[in-house]
Amino acid sequence: MSTQPSLDTTADDRLREFIDAHPRLFVLTGAGISTDSGIPDYRDDQGAWKRSPPMTLQAFMSGPPARARYWARGMIGWRHFATVQPNLAHHALAAMERRGRVELLLTQNVDGLHEAAGSLNTVDLHGRLDRVRCMQCGDITSREAMQRRLEDDNPAWLSMQATVAPDGDADLDEDFSTFTIPPCTVCGGILKPDVVFFGENVPRARVDTAWAHLGRADAMLVVGSSLMVYSGYRFVLEASRRNLPIASINLGVTRADDLLTLKIERSCAEALAPYASDPAMETR
């Protein structure tokens, strides 16, 4: 991987000083880290929704019409989502972990790009979109297998095109009443992506793991998140309560601006690129 020289050496220096001074970083990432991989985000630089809020658990479970809309759009959106690759920011955090600089990487994203880049000590706070869970028996299958079933059952939809939207969605407005949703092959139950929808609780074990690692960290680094969702914001609140220094790399406002020790308003890939292949980090 090659990196371009930065035009903002002041921001580079401040970020490097922060990382150098805190060898046990608790890293929290959000949608902004994956935009350079071609995954759209939900919010603008003021933290407001760019589009309609995502599906809620209550809507998804309300009946077949909502689920048909979700899976039809997801079938189209998956074509792009399944091809995305980690960018320099993902690779940089993986490299920092290999050098012993990351206490934990807690991601609010469901794209699996941190693991694809090589990060090992990672908690997917909101789950993974590449897995599908039965809401009745709990059976887990791959999203690729679900995609094949969706396409086999809905051949008339294969030619449809739509604008890519966040988290494997697509901006598709059709009559979804003819769309067939395959059931669980084990029990015939309702299949749902193995992700935490709005209105759904994050599994307790993930939260407990994150709290434990935050207790061992000496600083927090937020990458690509406006922190408007409380499930991630609460960790910043706790870090502040513990008087941990908090740095943020994000384009635009965050919910925690008044709690930050350092704020870098740049793209995540640009700000973290030096750490993806910086041998000097080996001895720092």
# chains A, B, ... in the order shown; residues from 1 in each chain; ligands from 1
>>> residues_around(residues="segment 255-262 of chain A", least_positions_apart="5", cutoff="12 Å", atoms="only C-alpha atoms", output="NGL selection string")
:A and (11-19 or 45-48 or 219-223 or 225-230 or 232-250)
>>> write_last_selection(atoms="N, CA and C atoms", output="tab-separated table (two decimals), in the first residue's frame")
chain	number	residue	atom	x	y	z
A	11	ALA	N	-2.26	18.49	11.96
A	11	ALA	CA	-3.16	17.42	12.39
A	11	ALA	C	-2.41	16.10	12.50
A	12	ASP	N	-1.52	15.82	11.54
A	12	ASP	CA	-0.72	14.60	11.60
A	12	ASP	C	0.10	14.55	12.88
A	13	ASP	N	0.74	15.66	13.22
A	13	ASP	CA	1.59	15.70	14.41
A	13	ASP	C	0.77	15.52	15.68
A	14	ARG	N	-0.38	16.17	15.75
A	14	ARG	CA	-1.21	16.06	16.95
A	14	ARG	C	-1.73	14.63	17.12
A	15	LEU	N	-2.12	14.01	16.02
A	15	LEU	CA	-2.61	12.63	16.10
A	15	LEU	C	-1.48	11.69	16.50
A	16	ARG	N	-0.31	11.87	15.91
A	16	ARG	CA	0.82	11.01	16.25
A	16	ARG	C	1.21	11.18	17.72
A	17	GLU	N	1.20	12.40	18.21
A	17	GLU	CA	1.52	12.63	19.62
A	17	GLU	C	0.52	11.91	20.53
A	18	PHE	N	-0.74	11.96	20.15
A	18	PHE	CA	-1.78	11.30	20.94
A	18	PHE	C	-1.56	9.79	20.95
A	19	ILE	N	-1.33	9.20	19.78
A	19	ILE	CA	-1.14	7.75	19.69
A	19	ILE	C	0.14	7.32	20.38
A	45	ASP	N	-22.51	16.00	7.79
A	45	ASP	CA	-21.48	16.52	8.70
A	45	ASP	C	-22.05	17.26	9.90
A	46	GLN	N	-23.38	17.40	9.95
A	46	GLN	CA	-24.02	17.98	11.12
A	46	GLN	C	-24.69	16.91	12.00
A	47	GLY	N	-24.50	15.65	11.60
A	47	GLY	CA	-25.07	14.56	12.37
A	47	GLY	C	-26.52	14.25	12.06
A	48	ALA	N	-27.09	14.91	11.04
A	48	ALA	CA	-28.48	14.68	10.66
A	48	ALA	C	-28.58	13.54	9.65
A	219	ALA	N	-6.53	5.39	26.87
A	219	ALA	CA	-7.10	6.47	26.08
A	219	ALA	C	-8.11	5.86	25.11
A	220	MET	N	-8.92	6.70	24.51
A	220	MET	CA	-9.93	6.25	23.56
A	220	MET	C	-9.75	6.99	22.24
A	221	LEU	N	-9.86	6.25	21.14
A	221	LEU	CA	-9.78	6.82	19.81
A	221	LEU	C	-11.06	6.47	19.07
A	222	VAL	N	-11.82	7.50	18.67
A	222	VAL	CA	-13.06	7.32	17.92
A	222	VAL	C	-12.77	7.61	16.46
A	223	VAL	N	-13.12	6.69	15.58
A	223	VAL	CA	-12.79	6.82	14.16
A	223	VAL	C	-14.06	6.69	13.32
A	225	SER	N	-17.15	8.20	13.49
A	225	SER	CA	-18.47	8.12	14.11
A	225	SER	C	-18.90	9.48	14.63
A	226	SER	N	-20.15	9.85	14.33
A	226	SER	CA	-20.73	11.07	14.90
A	226	SER	C	-21.24	10.81	16.31
A	227	LEU	N	-21.28	9.54	16.71
A	227	LEU	CA	-21.69	9.13	18.06
A	227	LEU	C	-23.13	9.50	18.39
A	228	MET	N	-23.97	9.64	17.36
A	228	MET	CA	-25.36	9.98	17.59
A	228	MET	C	-26.16	8.80	18.14
A	229	VAL	N	-25.65	7.59	17.96
A	229	VAL	CA	-26.32	6.40	18.48
A	229	VAL	C	-25.76	6.10	19.87
A	230	TYR	N	-26.66	5.94	20.85
A	230	TYR	CA	-26.23	5.81	22.23
A	230	TYR	C	-25.39	4.57	22.48
A	232	GLY	N	-22.94	3.38	21.04
A	232	GLY	CA	-21.52	3.69	20.96
A	232	GLY	C	-21.14	4.86	21.85
A	233	TYR	N	-22.02	5.86	21.90
A	233	TYR	CA	-21.75	7.08	22.67
A	233	TYR	C	-21.51	6.79	24.14
A	234	ARG	N	-22.19	5.77	24.71
A	234	ARG	CA	-22.05	5.48	26.13
A	234	ARG	C	-20.62	5.15	26.52
A	235	PHE	N	-19.84	4.59	25.58
A	235	PHE	CA	-18.45	4.26	25.90
A	235	PHE	C	-17.60	5.53	25.98
A	236	VAL	N	-17.94	6.53	25.20
A	236	VAL	CA	-17.26	7.82	25.31
A	236	VAL	C	-17.62	8.49	26.63
A	237	LEU	N	-18.88	8.41	27.00
A	237	LEU	CA	-19.28	8.98	28.29
A	237	LEU	C	-18.51	8.34	29.44
A	238	GLU	N	-18.36	7.02	29.38
A	238	GLU	CA	-17.65	6.33	30.46
A	238	GLU	C	-16.16	6.64	30.43
A	239	ALA	N	-15.59	6.73	29.23
A	239	ALA	CA	-14.17	7.11	29.12
A	239	ALA	C	-13.94	8.49	29.73
A	240	SER	N	-14.85	9.41	29.45
A	240	SER	CA	-14.74	10.76	30.02
A	240	SER	C	-14.88	10.72	31.54
A	241	ARG	N	-15.81	9.91	32.03
A	241	ARG	CA	-16.00	9.79	33.48
A	241	ARG	C	-14.74	9.28	34.16
A	242	ARG	N	-14.00	8.41	33.44
A	242	ARG	CA	-12.76	7.86	33.98
A	242	ARG	C	-11.55	8.76	33.70
A	243	ASN	N	-11.80	9.92	33.13
A	243	ASN	CA	-10.75	10.89	32.80
A	243	ASN	C	-9.74	10.36	31.79
A	244	LEU	N	-10.20	9.50	30.89
A	244	LEU	CA	-9.34	9.04	29.81
A	244	LEU	C	-9.31	10.08	28.70
A	245	PRO	N	-8.15	10.36	28.11
A	245	PRO	CA	-8.10	11.24	26.95
A	245	PRO	C	-8.88	10.62	25.79
A	246	ILE	N	-9.59	11.44	25.04
A	246	ILE	CA	-10.43	10.95	23.93
A	246	ILE	C	-10.11	11.75	22.68
A	247	ALA	N	-9.73	11.04	21.61
A	247	ALA	CA	-9.47	11.67	20.32
A	247	ALA	C	-10.51	11.19	19.32
A	248	SER	N	-10.86	12.06	18.38
A	248	SER	CA	-11.85	11.72	17.35
A	248	SER	C	-11.31	12.08	15.98
A	249	ILE	N	-11.49	11.16	15.04
A	249	ILE	CA	-11.24	11.43	13.63
A	249	ILE	C	-12.58	11.32	12.93
A	250	ASN	N	-13.11	12.43	12.47
A	250	ASN	CA	-14.45	12.42	11.88
A	250	ASN	C	-14.68	13.72	11.11
>>> select_by_dssp(residues="segment 38-250 of chain A", states="helix (DSSP H, G or I)", output="ChimeraX atom specification")
/A:57-60,64-81,88-98,113-117,143-153,155-157,166-168,176-178,204-214,230-241
>>> atom_distance(atom1="atom CA of His126 of chain A", atom2="atom CA of Asp152 of chain A")
28.7 Å
>>> residues_around(residues="segment 203-212 of chain A", least_positions_apart="4", cutoff="7 Å", atoms="only C-alpha atoms", output="list in words")
Val123, Leu125 and Arg216 of chain A
>>> closest_residue(among="A:Ala89, A:Leu120, A:Ala170, A:Val84", to="Arg266 of chain A", atoms="only C-alpha atoms")
A:Ala89
